[in-house]
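Source file: upload_9.cif. Holds: mmCIF, C-alpha atoms.
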```
data_structure
#
loop_
_atom_site.label_atom_id
_atom_site.label_comp_id
_atom_site.auth_asym_id
_atom_site.auth_seq_id
_atom_site.Cartn_x
_atom_site.Cartn_y
_atom_site.Cartn_z
CA MET A 26 32.15 39.22 -14.72
CA LYS A 27 31.07 42.51 -16.30
CA VAL A 28 27.84 40.99 -17.62
CA SER A 29 26.95 39.55 -14.20
CA LEU A 30 27.85 42.81 -12.49
CA PHE A 31 25.55 44.82 -14.76
CA SER A 32 22.81 42.18 -14.36
CA LEU A 33 23.04 42.59 -10.59
CA ALA A 34 23.02 46.37 -10.92
CA ASP A 35 19.96 46.32 -13.20
CA MET A 36 18.12 43.98 -10.79
CA ILE A 37 18.76 46.21 -7.78
CA ARG A 38 17.71 49.33 -9.71
CA HIS A 39 14.55 47.58 -10.98
CA TYR A 40 13.44 46.52 -7.49
CA ARG A 41 14.29 49.93 -6.00
CA LEU A 42 12.09 51.70 -8.53
CA LYS A 43 9.41 49.07 -8.13
CA ASN A 44 9.31 49.91 -4.40
CA ASN A 45 9.29 53.68 -5.08
CA LEU A 46 12.51 54.23 -3.16
CA THR A 47 15.41 56.59 -3.86
CA GLN A 48 19.05 55.58 -3.58
CA HIS A 49 19.16 57.67 -0.42
CA ASP A 50 16.20 55.73 1.03
CA VAL A 51 17.97 52.44 0.38
CA ALA A 52 21.21 53.79 1.86
CA ILE A 53 19.48 54.75 5.10
CA LYS A 54 17.62 51.42 5.41
CA THR A 55 20.78 49.37 4.77
CA ASN A 56 23.27 51.47 6.78
CA MET A 57 25.24 52.25 3.62
CA THR A 58 26.11 55.50 1.87
CA THR A 59 24.18 56.89 -1.08
CA GLY A 60 27.44 56.86 -3.05
CA ALA A 61 27.92 53.14 -2.41
CA ILE A 62 24.38 52.41 -3.61
CA SER A 63 25.00 54.54 -6.71
CA LYS A 64 28.21 52.66 -7.58
CA ILE A 65 26.43 49.33 -7.17
CA GLU A 66 23.53 50.40 -9.41
CA ASN A 67 25.95 51.69 -12.05
CA GLY A 68 27.81 48.36 -12.15
CA LYS A 69 31.03 49.88 -10.85
CA THR A 70 31.33 47.69 -7.76
CA LYS A 71 30.01 44.48 -6.26
CA PRO A 72 28.45 44.78 -2.80
CA GLU A 73 29.87 42.68 0.03
CA PHE A 74 27.61 39.72 0.75
CA GLN A 75 26.29 41.16 4.02
CA ASN A 76 25.38 44.39 2.18
CA MET A 77 23.80 42.43 -0.67
CA ARG A 78 21.60 40.58 1.81
CA ALA A 79 20.57 43.88 3.41
CA ILE A 80 19.71 45.43 0.02
CA ALA A 81 17.75 42.34 -1.03
CA SER A 82 15.83 42.38 2.25
CA VAL A 83 14.86 46.06 1.89
CA LEU A 84 13.91 45.73 -1.78
CA GLU A 85 12.24 42.29 -1.35
CA ILE A 86 14.37 40.67 -4.04
CA PRO A 87 13.75 36.87 -4.11
CA TYR A 88 16.69 34.92 -2.69
CA ASN A 89 17.00 32.56 -5.67
CA LYS A 90 17.06 35.49 -8.04
CA TYR A 91 19.93 37.53 -6.61
CA ILE A 92 22.05 34.65 -5.30
CA LYS A 93 22.23 33.09 -8.77
CA ILE A 94 23.92 36.23 -10.12
CA TYR A 95 25.97 36.96 -7.00
CA ILE A 96 27.64 33.53 -7.08
CA ASP A 97 29.11 34.32 -10.52
CA LEU A 98 30.72 37.47 -9.13
CA GLU A 99 32.11 36.13 -5.85
CA LYS A 100 35.75 35.01 -5.80
CA ASN A 101 36.17 34.28 -2.11
CA SER A 102 35.67 30.61 -1.15
CA ASP A 103 34.76 31.48 2.45
CA THR A 104 31.93 33.71 1.26
CA ILE A 105 30.64 30.98 -1.07
CA CYS A 106 30.79 28.57 1.89
CA ASP A 107 28.72 31.03 3.94
CA ILE A 108 26.18 31.22 1.11
CA PHE A 109 26.03 27.42 0.97
CA ASN A 110 25.45 27.10 4.73
CA GLU A 111 22.73 29.73 4.55
CA CYS A 112 21.08 28.25 1.46
CA ILE A 113 20.65 24.72 2.87
CA THR A 114 18.79 25.98 5.95
CA LEU A 115 16.18 28.00 4.08
CA HIS A 116 12.61 26.68 3.87
CA ASP A 117 12.24 27.78 0.24
CA ASP A 118 13.20 25.29 -2.46
CA THR A 119 16.81 26.20 -3.15
CA SER A 120 17.83 22.79 -4.51
CA THR A 121 18.29 24.23 -8.01
CA LEU A 122 20.90 26.66 -6.64
CA ILE A 123 22.94 23.98 -4.90
CA PRO A 124 24.88 22.65 -7.93
CA LYS A 125 25.99 26.18 -8.81
CA ILE A 126 27.02 27.05 -5.25
CA VAL A 127 28.80 23.76 -4.51
CA THR A 128 30.63 23.70 -7.84
CA LYS A 129 31.79 27.31 -7.36
CA TYR A 130 33.04 26.52 -3.86
CA LEU A 131 34.95 23.46 -5.05
CA GLU A 132 36.51 25.44 -7.90
CA LEU A 133 37.68 28.22 -5.56
CA SER A 134 39.03 25.93 -2.82
CA SER A 135 42.77 25.32 -2.62
CA ASP A 136 42.35 21.68 -1.51
CA THR A 137 39.66 19.99 -3.60
CA TYR A 138 39.56 16.76 -1.57
CA ASP A 139 39.08 18.60 1.72
CA ALA A 140 36.42 20.81 0.14
CA VAL A 141 34.44 17.81 -1.14
CA GLU A 142 34.72 16.16 2.27
CA GLN A 143 33.48 19.34 3.97
CA ILE A 144 30.42 19.60 1.71
CA TYR A 145 29.67 15.89 2.17
CA ASN A 146 29.92 16.13 5.96
CA VAL A 147 27.51 19.07 6.01
CA ALA A 148 24.98 17.11 3.92
CA THR A 149 25.18 14.05 6.18
CA SER A 150 25.24 15.99 9.46
CA MET A 151 22.55 15.01 11.94
CA ASN A 152 22.70 18.50 13.48
CA ILE A 153 21.26 20.34 10.48
CA GLN A 154 17.75 19.89 9.14
CA ILE A 155 18.18 19.82 5.35
CA PRO A 156 15.26 19.09 2.99
CA SER A 157 15.62 15.82 1.05
CA ALA A 158 15.52 17.63 -2.32
CA THR A 159 18.41 19.84 -1.21
CA LYS A 160 20.41 16.87 0.10
CA LEU A 161 19.84 15.03 -3.16
CA SER A 162 21.06 18.03 -5.13
CA ILE A 163 24.23 18.19 -3.00
CA TYR A 164 24.98 14.49 -3.48
CA LYS A 165 24.39 14.64 -7.23
CA THR A 166 26.81 17.57 -7.49
CA ILE A 167 29.43 15.72 -5.43
CA ILE A 168 28.96 12.66 -7.68
CA ASP A 169 29.50 14.65 -10.88
CA TYR A 170 32.48 16.54 -9.48
CA SER A 171 34.10 13.49 -7.86
CA ARG A 172 33.69 11.41 -11.00
CA SER A 173 35.31 14.06 -13.21
CA HIS A 174 38.15 14.67 -10.71
CA GLY A 175 38.81 11.04 -9.73
CA ILE A 176 37.80 11.41 -6.08
CA MET A 177 36.56 7.84 -5.79
CA LEU A 178 35.91 7.76 -2.04
CA PHE A 179 33.31 10.52 -2.18
CA LEU A 180 31.93 9.27 -5.49
CA ALA A 181 31.08 6.00 -3.73
CA ARG A 182 29.77 7.62 -0.56
CA ALA A 183 27.63 10.18 -2.39
CA LEU A 184 26.19 7.46 -4.66
CA TYR A 185 25.30 5.54 -1.50
CA GLN A 186 23.55 8.57 0.06
CA GLU A 187 21.76 9.36 -3.20
CA TYR A 188 20.43 5.80 -3.33
CA LEU A 189 19.14 5.92 0.26
CA ILE A 190 17.01 8.93 -0.68
CA GLU A 191 15.84 7.92 -4.15
CA ARG A 192 14.83 4.38 -3.14
CA ASN A 193 11.95 5.93 -1.18
CA ASP A 194 10.14 6.70 -4.44
CA SER A 195 7.88 3.65 -4.75
CA SER A 196 7.00 4.43 -8.37
CA LYS A 197 10.63 3.95 -9.48
CA LEU A 198 11.60 0.84 -7.55
CA LYS A 199 13.19 -0.97 -10.50
CA GLU A 200 15.22 2.02 -11.63
CA THR A 201 16.52 2.86 -8.16
CA TYR A 202 17.29 -0.79 -7.45
CA GLN A 203 19.66 -0.85 -10.41
CA ALA A 204 21.24 2.38 -9.15
CA GLY A 205 21.80 0.71 -5.78
CA ARG A 206 23.39 -2.35 -7.36
CA TYR A 207 25.71 -0.07 -9.37
CA ILE A 208 27.29 1.13 -6.10
CA LEU A 209 28.61 -2.41 -5.56
CA LYS A 210 31.34 -1.47 -8.07
CA TYR A 211 32.74 0.89 -5.44
CA ILE A 212 32.00 -1.23 -2.38
CA GLU A 213 35.62 -1.21 -1.16
CA LYS A 214 35.40 2.57 -0.72
CA LEU A 215 32.59 2.32 1.81
CA SER A 216 33.06 1.90 5.54
CA PRO A 217 31.97 -1.42 7.15
CA GLU A 218 28.87 0.31 8.51
CA GLU A 219 28.00 1.79 5.10
CA PHE A 220 28.61 -1.59 3.44
CA ILE A 221 26.18 -3.40 5.75
CA SER A 222 23.59 -0.63 5.46
CA LEU A 223 23.81 -0.70 1.66
CA ILE A 224 23.52 -4.50 1.47
CA TYR A 225 20.59 -4.46 3.88
CA ALA A 226 18.85 -1.69 1.90
CA LEU A 227 19.36 -3.69 -1.32
CA ALA A 228 17.98 -6.82 0.35
CA VAL A 229 14.80 -5.02 1.43
CA HIS A 230 14.56 -3.39 -2.00
CA ALA A 231 14.91 -6.74 -3.75
CA TYR A 232 12.29 -8.21 -1.42
CA ALA A 233 9.85 -5.45 -2.40
CA LEU A 234 10.51 -6.30 -6.06
CA GLN A 235 10.09 -10.04 -5.34
CA LYS A 236 13.65 -10.73 -6.54
CA TYR A 237 14.06 -13.51 -4.02
CA GLU A 238 17.33 -14.92 -5.38
CA ASP A 239 18.88 -11.49 -4.89
CA VAL A 240 17.39 -11.28 -1.40
CA ILE A 241 19.00 -14.58 -0.49
CA HIS A 242 22.39 -13.42 -1.82
CA PHE A 243 22.34 -10.11 0.08
CA CYS A 244 20.99 -11.57 3.33
CA LYS A 245 23.71 -14.22 3.39
CA LEU A 246 26.30 -11.44 3.01
CA ILE A 247 24.81 -9.80 6.11
CA ILE A 248 24.63 -12.84 8.37
CA ASN A 249 28.15 -13.96 7.36
CA ASN A 250 29.75 -10.52 7.82
CA GLU A 251 31.87 -10.10 10.95
CA TYR A 252 30.88 -6.46 11.41
CA ALA A 253 27.20 -7.36 11.22
CA ILE A 254 27.48 -9.58 14.29
CA ASP A 255 27.07 -6.45 16.42
CA ILE A 256 24.05 -5.28 14.41
CA SER A 257 21.53 -7.74 15.78
CA ASP A 258 18.43 -6.09 14.32
CA LYS A 259 19.72 -6.30 10.75
CA ARG A 260 20.80 -9.92 11.24
CA ILE A 261 17.36 -10.85 12.58
CA PHE A 262 15.58 -9.11 9.69
CA ALA A 263 17.99 -10.77 7.25
CA LEU A 264 17.14 -14.20 8.69
CA GLY A 265 13.44 -13.37 8.36
CA MET A 266 13.85 -12.36 4.73
CA LEU A 267 15.85 -15.53 4.05
CA ARG A 268 13.08 -17.61 5.58
CA ASP A 269 10.41 -15.91 3.48
CA SER A 270 12.48 -15.87 0.28
CA TYR A 271 13.14 -19.59 0.42
CA TYR A 272 9.43 -20.12 1.05
CA TYR A 273 8.52 -18.07 -2.05
CA CYS A 274 11.14 -20.04 -4.01
CA ASP A 275 9.30 -23.23 -2.92
CA ASN A 276 12.27 -24.46 -0.90
CA ILE A 277 10.34 -25.40 2.24
CA LYS A 278 13.28 -27.25 3.80
CA LEU A 279 15.55 -24.19 3.82
CA ALA A 280 12.64 -21.92 4.75
CA GLU A 281 12.12 -24.00 7.90
CA GLU A 282 15.85 -24.12 8.58
CA TYR A 283 16.10 -20.32 8.60
CA PHE A 284 12.90 -20.12 10.62
CA HIS A 285 14.60 -22.13 13.38
CA GLN A 286 17.76 -20.01 13.10
CA LEU A 287 15.63 -16.92 13.45
CA LYS A 288 14.01 -18.29 16.60
CA LYS A 289 17.45 -18.89 18.14
CA HIS A 290 18.58 -15.31 17.52
CA SER A 291 15.34 -13.63 18.52
CA SER A 292 14.91 -12.83 22.20
CA THR A 293 11.19 -12.11 21.84
CA ASP A 294 8.22 -14.44 22.08
CA GLU A 295 6.64 -15.92 18.97
CA SER A 296 5.94 -13.00 16.65
CA ASP A 297 3.01 -12.43 14.30
CA GLY A 298 5.34 -13.28 11.44
CA ASP A 299 6.31 -16.56 13.09
CA LYS A 300 2.67 -17.54 13.61
CA LEU A 301 1.77 -16.73 10.01
CA PHE A 302 4.78 -18.64 8.70
CA ILE A 303 3.78 -21.74 10.71
CA ALA A 304 0.25 -21.56 9.27
CA VAL A 305 1.37 -21.28 5.63
CA ILE A 306 3.96 -24.04 6.10
CA ASN A 307 1.33 -26.37 7.54
CA TYR A 308 -0.88 -25.69 4.53
CA LYS A 309 2.05 -26.42 2.21
CA LYS A 310 2.54 -29.73 4.01
CA GLY A 311 -1.12 -30.64 3.58
CA ASN A 312 -2.20 -30.02 7.18
CA VAL A 313 -5.25 -28.06 6.03
CA ASP A 314 -7.35 -28.24 9.21
CA LEU A 315 -4.43 -27.23 11.42
CA ALA A 316 -3.52 -24.40 9.04
CA LYS A 317 -7.14 -23.19 9.05
CA LYS A 318 -7.12 -22.98 12.84
CA GLN A 319 -3.75 -21.22 12.90
CA PHE A 320 -4.78 -18.64 10.28
CA LYS A 321 -7.88 -17.75 12.34
CA GLU A 322 -5.86 -17.44 15.55
CA CYS A 323 -3.23 -15.32 13.83
CA LEU A 324 -5.87 -13.01 12.39
CA ASN A 325 -7.59 -12.59 15.76
CA GLU A 326 -4.38 -11.99 17.72
CA CYS A 327 -2.04 -10.11 15.38
CA ALA A 328 -1.12 -6.44 15.67
CA GLU A 329 -3.17 -3.95 13.67
CA ASP A 330 -0.39 -3.19 11.18
CA PHE A 331 0.07 -6.91 10.46
CA VAL A 332 -3.57 -7.45 9.50
CA PRO A 333 -3.03 -7.01 5.71
CA TYR A 334 -0.34 -9.72 5.64
CA VAL A 335 -2.48 -12.25 7.50
CA THR A 336 -5.61 -11.27 5.59
CA ASN A 337 -4.06 -11.91 2.20
CA GLU A 338 -2.53 -15.26 3.12
CA TYR A 339 -5.79 -16.35 4.78
CA ILE A 340 -8.05 -15.33 1.88
CA SER A 341 -5.63 -16.91 -0.61
CA PHE A 342 -5.73 -20.10 1.47
CA LEU A 343 -9.55 -20.10 1.61
CA LEU A 344 -9.85 -19.55 -2.15
CA GLN A 345 -7.44 -22.40 -2.83
CA ILE A 346 -9.31 -24.86 -0.62
CA GLY A 347 -12.65 -23.69 -2.04
CA GLU A 348 -14.18 -22.21 1.13
CA ILE A 349 -15.81 -19.31 -0.72
CA SER A 350 -18.55 -18.83 1.89
CA LYS A 351 -15.91 -18.22 4.56
CA VAL A 352 -14.38 -15.43 2.44
CA GLU A 353 -17.83 -13.85 2.17
CA GLU A 354 -18.19 -14.06 5.95
CA ILE A 355 -14.90 -12.39 6.89
CA LEU A 356 -14.40 -9.96 3.98
CA PRO A 357 -16.50 -6.97 5.23
CA GLU A 358 -14.68 -6.74 8.56
CA LEU A 359 -11.26 -7.19 6.94
CA GLU A 360 -12.01 -4.55 4.32
CA HIS A 361 -12.89 -2.12 7.09
CA LYS A 362 -9.69 -2.87 9.00
CA ILE A 363 -7.43 -2.48 5.96
CA ASN A 364 -9.15 0.71 4.78
CA ASP A 365 -8.48 2.25 8.20
CA LEU A 366 -4.71 1.69 7.86
CA THR A 367 -2.20 4.04 6.25
CA LEU A 368 -0.13 1.84 3.95
CA SER A 369 2.89 3.82 2.83
CA ASN A 370 6.00 1.70 2.20
CA PRO A 371 6.35 -0.57 -0.88
CA LEU A 372 5.77 -3.79 1.07
CA GLU A 373 2.54 -2.46 2.55
CA LYS A 374 1.42 -1.13 -0.83
CA ARG A 375 2.08 -4.56 -2.35
CA GLU A 376 -0.21 -6.13 0.25
CA LEU A 377 -2.95 -3.63 -0.63
CA ALA A 378 -2.55 -4.43 -4.32
CA TRP A 379 -2.72 -8.16 -3.60
CA PHE A 380 -5.80 -7.64 -1.39
CA TYR A 381 -7.66 -6.01 -4.31
CA LYS A 382 -6.51 -8.84 -6.59
CA LEU A 383 -7.83 -11.48 -4.16
CA LYS A 384 -11.12 -9.61 -3.86
CA GLY A 385 -11.32 -9.62 -7.64
CA ASP A 386 -10.73 -13.39 -7.63
CA TYR A 387 -13.44 -13.85 -5.02
CA TYR A 388 -16.05 -11.78 -6.84
CA SER A 389 -15.14 -13.51 -10.08
CA ARG A 390 -15.80 -16.88 -8.39
CA ILE A 391 -19.28 -15.82 -7.28
CA ASN A 392 -19.98 -14.21 -10.70
CA ASP A 393 -20.28 -10.64 -9.40
CA VAL A 394 -18.60 -9.31 -12.53
CA ASN A 395 -18.82 -5.59 -11.79
CA LYS A 396 -17.18 -5.90 -8.36
CA ALA A 397 -14.56 -8.23 -9.78
CA LEU A 398 -13.74 -5.71 -12.52
CA ASN A 399 -13.50 -2.81 -10.09
CA ASN A 400 -11.15 -4.72 -7.79
CA TYR A 401 -8.90 -5.87 -10.63
CA ILE A 402 -8.53 -2.32 -11.90
CA ASP A 403 -7.83 -1.08 -8.35
CA SER A 404 -5.23 -3.81 -7.96
CA ALA A 405 -3.60 -2.88 -11.28
CA PHE A 406 -3.39 0.74 -10.17
CA GLU A 407 -1.81 -0.14 -6.82
CA TYR A 408 0.71 -2.40 -8.53
CA SER A 409 1.56 0.44 -10.90
CA GLN A 410 2.39 2.61 -7.90
CA ILE A 411 5.17 0.22 -6.87
CA ASP A 412 6.53 -0.26 -10.39
CA ASP A 413 5.28 -3.89 -10.61
CA ILE A 414 4.47 -4.09 -14.31
CA ASN A 415 4.01 -7.87 -14.40
CA ASN A 416 1.30 -8.00 -11.74
CA GLU A 417 -0.26 -4.82 -13.11
CA ARG A 418 -0.58 -6.41 -16.55
CA ASN A 419 -1.89 -9.64 -15.06
CA CYS A 420 -4.72 -7.76 -13.33
CA LEU A 421 -5.59 -5.89 -16.53
CA LYS A 422 -5.62 -9.20 -18.40
CA LEU A 423 -7.98 -10.73 -15.82
CA MET A 424 -10.19 -7.71 -16.18
CA TYR A 425 -10.35 -7.88 -19.97
CA ASP A 426 -10.93 -11.65 -19.84
CA LEU A 427 -13.98 -10.97 -17.71
CA TYR A 428 -15.25 -8.43 -20.23
CA ARG A 429 -14.72 -10.86 -23.10
CA ASN A 430 -16.12 -13.96 -21.38
CA ASN A 431 -19.22 -12.13 -20.23
CA LYS A 432 -19.59 -10.26 -23.55
CA ILE A 433 -19.54 -6.87 -21.85
CA MET A 434 -18.39 -3.71 -23.62
CA VAL A 435 -15.68 -1.70 -21.85
CA ASP A 436 -17.39 1.47 -20.63
CA ALA A 437 -15.94 5.00 -20.60
CA LYS A 438 -15.39 5.00 -16.84
CA THR A 439 -13.28 1.84 -16.98
CA THR A 440 -11.34 3.18 -19.96
CA GLU A 441 -10.45 6.28 -17.92
CA LYS A 442 -9.30 4.11 -15.02
CA VAL A 443 -7.07 2.08 -17.33
CA LYS A 444 -5.60 5.29 -18.74
CA LYS A 445 -4.86 6.38 -15.17
CA VAL A 446 -3.00 3.14 -14.53
CA LYS A 447 -1.03 3.28 -17.78
CA GLY A 448 -0.29 6.98 -17.34
CA ARG A 449 1.34 6.49 -13.93
CA LYS A 450 4.83 7.30 -15.23
#
```

Could I get this structure in the form of structure tokens?
Amino acid sequence: MKVSLFSLADMIRHYRLKNNLTQHDVAIKTNMTTGAISKIENGKTKPEFQNMRAIASVLEIPYNKYIKIYIDLEKNSDTICDIFNECITLHDDTSTLIPKIVTKYLELSSDTYDAVEQIYNVATSMNIQIPSATKLSIYKTIIDYSRSHGIMLFLARALYQEYLIERNDSSKLKETYQAGRYILKYIEKLSPEEFISLIYALAVHAYALQKYEDVIHFCKLIINNEYAIDISDKRIFALGMLRDSYYYCDNIKLAEEYFHQLKKHSSTDESDGDKLFIAVINYKKGNVDLAKKQFKECLNECAEDFVPYVTNEYISFLLQIGEISKVEEILPELEHKINDLTLSNPLEKRELAWFYKLKGDYYSRINDVNKALNNYIDSAFEYSQIDDINNERNCLKLMYDLYRNNKIMVDAKTTEKVKKVKGRK
């Protein structure tokens, strides 16, 4: 404590002199006595927190700087709780302070379980605007403390909250997916609502990673769960993901079965997704002319944000049936539409990556090597942003095959682009 006390004293003295103020000046500005300021600067006493805040305000001492030392000196849990509540509402990045503050509060509290619950409830409160980085820091501290003290309920719940935040980082989809699956070890500690939300989040996550067997497993847990009966939106989305996952697993029979189940549960008219599904199924069944008509109708009638999904399936269809001239006809307008959209979540980013890949395939077919190369490298980069190494490598392979087959040397500009893709992590 002595070391921290003298560190605080030296800091206050340093900032007072830096501001060309006397101890008397500081005393007047903070409503304290000159003697009290002198004792603080000589390391003989610790200021009360309210006085410390006043001194810091007058001397313009950065919050992170003085709080870090003050926490070591404080022995009152209520004061540490006040510091915590203040810290989480500040606009400055105080996330690095959180572990120190929370741990100190938990150590000083007489009832550890209640203290952990209190901190957790503050972090999850809808009434307080807390930055994501700060929330994440709180949950990580609860996880470490709960694990070391055997508080399994809040270990599970904090792991769940940590996952919900970290899964938003598209560049680490594989890593965060494994973290989400790890929580299944503690599933009995979660409430029914948390259980369904976790399973649903894992299903969407698996879908973004194209782990369709996992999607099927998680979605069946949702639609067969009694609690989920009252959560109609999650059940409907689960049925949609089941339909699509069986389609991507080439099980057309079950894909159609879940399509019909979805229609029974949905109160809305035929959606864009329904129309697109019907078109791709008809193509799979060999009804090419009908599928062609349905793709065109879907593209003309779908909502703006659904354009990338229809575009990719339609261009893929046209390339497979050899209608290259049709791709040339529709591509400029579709490029314009997609470039005007903001594609932010992993599923949307995957569609953008696939769009560049399909463009590369098209330009490769018509022997426009330079455009094909540029689109393959763009596709590889977009796949790298969603942690899809397999598709990223496939695009790079297609690109290098073009170089080799056309006996073109890789130029410096392309080399830099490849470095950018490979240096994403």

With only C-alpha atoms as the counted atoms, please give the residues lying no more than 12 Å from Gly298 (chain A), apart from itself and same-chain residues fewer than 6 positions off, as a compact mmCIF listing (two decimals) with C-alpha atoms, in the frame of the given file.
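Wrote part-v2.txt, looks like this:
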```txt
# COMPACT_ATOMS: atom_id res chain seq x y z
CA PHE A 262 15.58 -9.11 9.69
CA GLY A 265 13.44 -13.37 8.36
CA MET A 266 13.85 -12.36 4.73
CA ARG A 268 13.08 -17.61 5.58
CA ASP A 269 10.41 -15.91 3.48
CA PHE A 284 12.90 -20.12 10.62
CA LEU A 287 15.63 -16.92 13.45
CA LYS A 288 14.01 -18.29 16.60
CA ALA A 304 0.25 -21.56 9.27
CA VAL A 305 1.37 -21.28 5.63
CA PHE A 320 -4.78 -18.64 10.28
CA CYS A 323 -3.23 -15.32 13.83
CA LEU A 324 -5.87 -13.01 12.39
CA GLU A 326 -4.38 -11.99 17.72
CA CYS A 327 -2.04 -10.11 15.38
CA ALA A 328 -1.12 -6.44 15.67
CA ASP A 330 -0.39 -3.19 11.18
CA PHE A 331 0.07 -6.91 10.46
CA VAL A 332 -3.57 -7.45 9.50
CA PRO A 333 -3.03 -7.01 5.71
CA TYR A 334 -0.34 -9.72 5.64
CA VAL A 335 -2.48 -12.25 7.50
CA GLU A 338 -2.53 -15.26 3.12
```

Inset, instruction - Report the distance between CA of Leu84 (chain A) and CA of Tyr40 (chain A) in Å, rounded to one decimal place. - result: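 For CA of Leu84 (chain A) relative to CA of Tyr40 (chain A), the distance reads 5.8 Å.
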
Legend entry - Residues near region 217-225 of chain A, cut-off 10 Å, only C-alpha atoms, skip fewer than 6 positions along chain, as a list of chain:residue names: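 Listed by chain and then number, they are A:Arg182, A:Tyr185, A:Gln186, A:Tyr188, A:Leu189, A:Gly205, A:Arg206, A:Ile208, A:Leu209, A:Ala231, A:Val240, A:His242, A:Phe243, A:Cys244, A:Lys245, A:Leu246, A:Ile247, A:Ile248, A:Asn250, A:Glu251, A:Tyr252, A:Ala253, A:Ile256, A:Lys259, A:Arg260, A:Phe262, A:Ala263.
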
Restricting the output to C-alpha atoms, write the selected residues as a PDB file, keeping the file's coordinate frame.
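And here is the file that came out, part.pdb:
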```
ATOM      1  CA  ARG A 182      29.770   7.620  -0.560  1.00  0.00           C
ATOM      2  CA  TYR A 185      25.300   5.540  -1.500  1.00  0.00           C
ATOM      3  CA  GLN A 186      23.550   8.570   0.060  1.00  0.00           C
ATOM      4  CA  TYR A 188      20.430   5.800  -3.330  1.00  0.00           C
ATOM      5  CA  LEU A 189      19.140   5.920   0.260  1.00  0.00           C
ATOM      6  CA  GLY A 205      21.800   0.710  -5.780  1.00  0.00           C
ATOM      7  CA  ARG A 206      23.390  -2.350  -7.360  1.00  0.00           C
ATOM      8  CA  ILE A 208      27.290   1.130  -6.100  1.00  0.00           C
ATOM      9  CA  LEU A 209      28.610  -2.410  -5.560  1.00  0.00           C
ATOM     10  CA  ALA A 231      14.910  -6.740  -3.750  1.00  0.00           C
ATOM     11  CA  VAL A 240      17.390 -11.280  -1.400  1.00  0.00           C
ATOM     12  CA  HIS A 242      22.390 -13.420  -1.820  1.00  0.00           C
ATOM     13  CA  PHE A 243      22.340 -10.110   0.080  1.00  0.00           C
ATOM     14  CA  CYS A 244      20.990 -11.570   3.330  1.00  0.00           C
ATOM     15  CA  LYS A 245      23.710 -14.220   3.390  1.00  0.00           C
ATOM     16  CA  LEU A 246      26.300 -11.440   3.010  1.00  0.00           C
ATOM     17  CA  ILE A 247      24.810  -9.800   6.110  1.00  0.00           C
ATOM     18  CA  ILE A 248      24.630 -12.840   8.370  1.00  0.00           C
ATOM     19  CA  ASN A 250      29.750 -10.520   7.820  1.00  0.00           C
ATOM     20  CA  GLU A 251      31.870 -10.100  10.950  1.00  0.00           C
ATOM     21  CA  TYR A 252      30.880  -6.460  11.410  1.00  0.00           C
ATOM     22  CA  ALA A 253      27.200  -7.360  11.220  1.00  0.00           C
ATOM     23  CA  ILE A 256      24.050  -5.280  14.410  1.00  0.00           C
ATOM     24  CA  LYS A 259      19.720  -6.300  10.750  1.00  0.00           C
ATOM     25  CA  ARG A 260      20.800  -9.920  11.240  1.00  0.00           C
ATOM     26  CA  PHE A 262      15.580  -9.110   9.690  1.00  0.00           C
ATOM     27  CA  ALA A 263      17.990 -10.770   7.250  1.00  0.00           C
TER      28      ALA A 263
END
```

Inset, instruction - Report as a list in words the residues that result from applying the PyMOL selection byres ((chain A and resi 391) around 12) to the structure here. - result: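 Expected selection for the PyMOL selection byres ((chain A and resi 391) around 12) here is Leu344, Gly347, Glu348, Ile349, Ser350, Val352, Glu353, Lys384, Gly385, Asp386, Tyr387, Tyr388, Ser389, Arg390, Asn392, Asp393, Val394, Asn395, Lys396 and Ala397 of chain A.
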
Inset, instruction - Using all atoms listed in the file, find the one residue out of A:Lys69, A:Lys90, A:Lys165, A:His285 that sits nearest to Phe302 (chain A). - result: A:His285

Legend entry - Nearest candidate to Arg192 (chain A) (options A:Ile94, A:Gln143, A:Leu383, A:Asn370; using all atoms listed in the file):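 The closest residue to Arg192 (chain A) is A:Asn370.
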
Legend entry - Picked residues, the PyMOL selection byres ((chain A and resi 73-77) around 9), expected as a ChimeraX atom specification: /A:55-57,71-72,78-82,91,95,99,104,108

Legend entry - Residue neighbourhood Asp50 (chain A), 10 Å, all atoms listed in the file, exclusion window fewer than 4 positions, as an MDAnalysis selection string: chainID A and resid 41 45:46 54:55 58:59 62 83

Those same residues, written as a tab-separated table (two decimals), in the frame of the given file with C-alpha atoms?
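Done, and the output landed in result-v6.tsv:
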```tsv
chain	number	residue	atom	x	y	z
A	41	ARG	CA	14.29	49.93	-6.00
A	45	ASN	CA	9.29	53.68	-5.08
A	46	LEU	CA	12.51	54.23	-3.16
A	54	LYS	CA	17.62	51.42	5.41
A	55	THR	CA	20.78	49.37	4.77
A	58	THR	CA	26.11	55.50	1.87
A	59	THR	CA	24.18	56.89	-1.08
A	62	ILE	CA	24.38	52.41	-3.61
A	83	VAL	CA	14.86	46.06	1.89
```

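Across the structure, CA of Gly68 (chain A) and CA of Gln48 (chain A) are spaced 14.2 Å apart.
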
Inset, instruction - Enter the distance from CA of Lys210 (chain A) to CA of Pro124 (chain A), in Å, rounded to one decimal. - result: 25.0 Å

Inset, instruction - Report as a list in words the full result of the PyMOL selection byres ((chain A and resi 180) around 9) when it is applied to this structure. - result: Tyr164, Ile167, Ile168, Asp169, Tyr170, Ser171, Arg172, Gly175, Ile176, Met177, Leu178, Phe179, Ala181, Arg182, Ala183, Leu184, Tyr185, Tyr211 and Lys214 of chain A

Legend entry - Surrounding residues of Asn276 (chain A) excluding itself and chain neighbours under 6 positions, 12 Å, only C-alpha atoms, as JSON, numbers by chain: {"A": [237, 238, 241, 267, 268, 269, 270, 282, 283, 306, 309]}
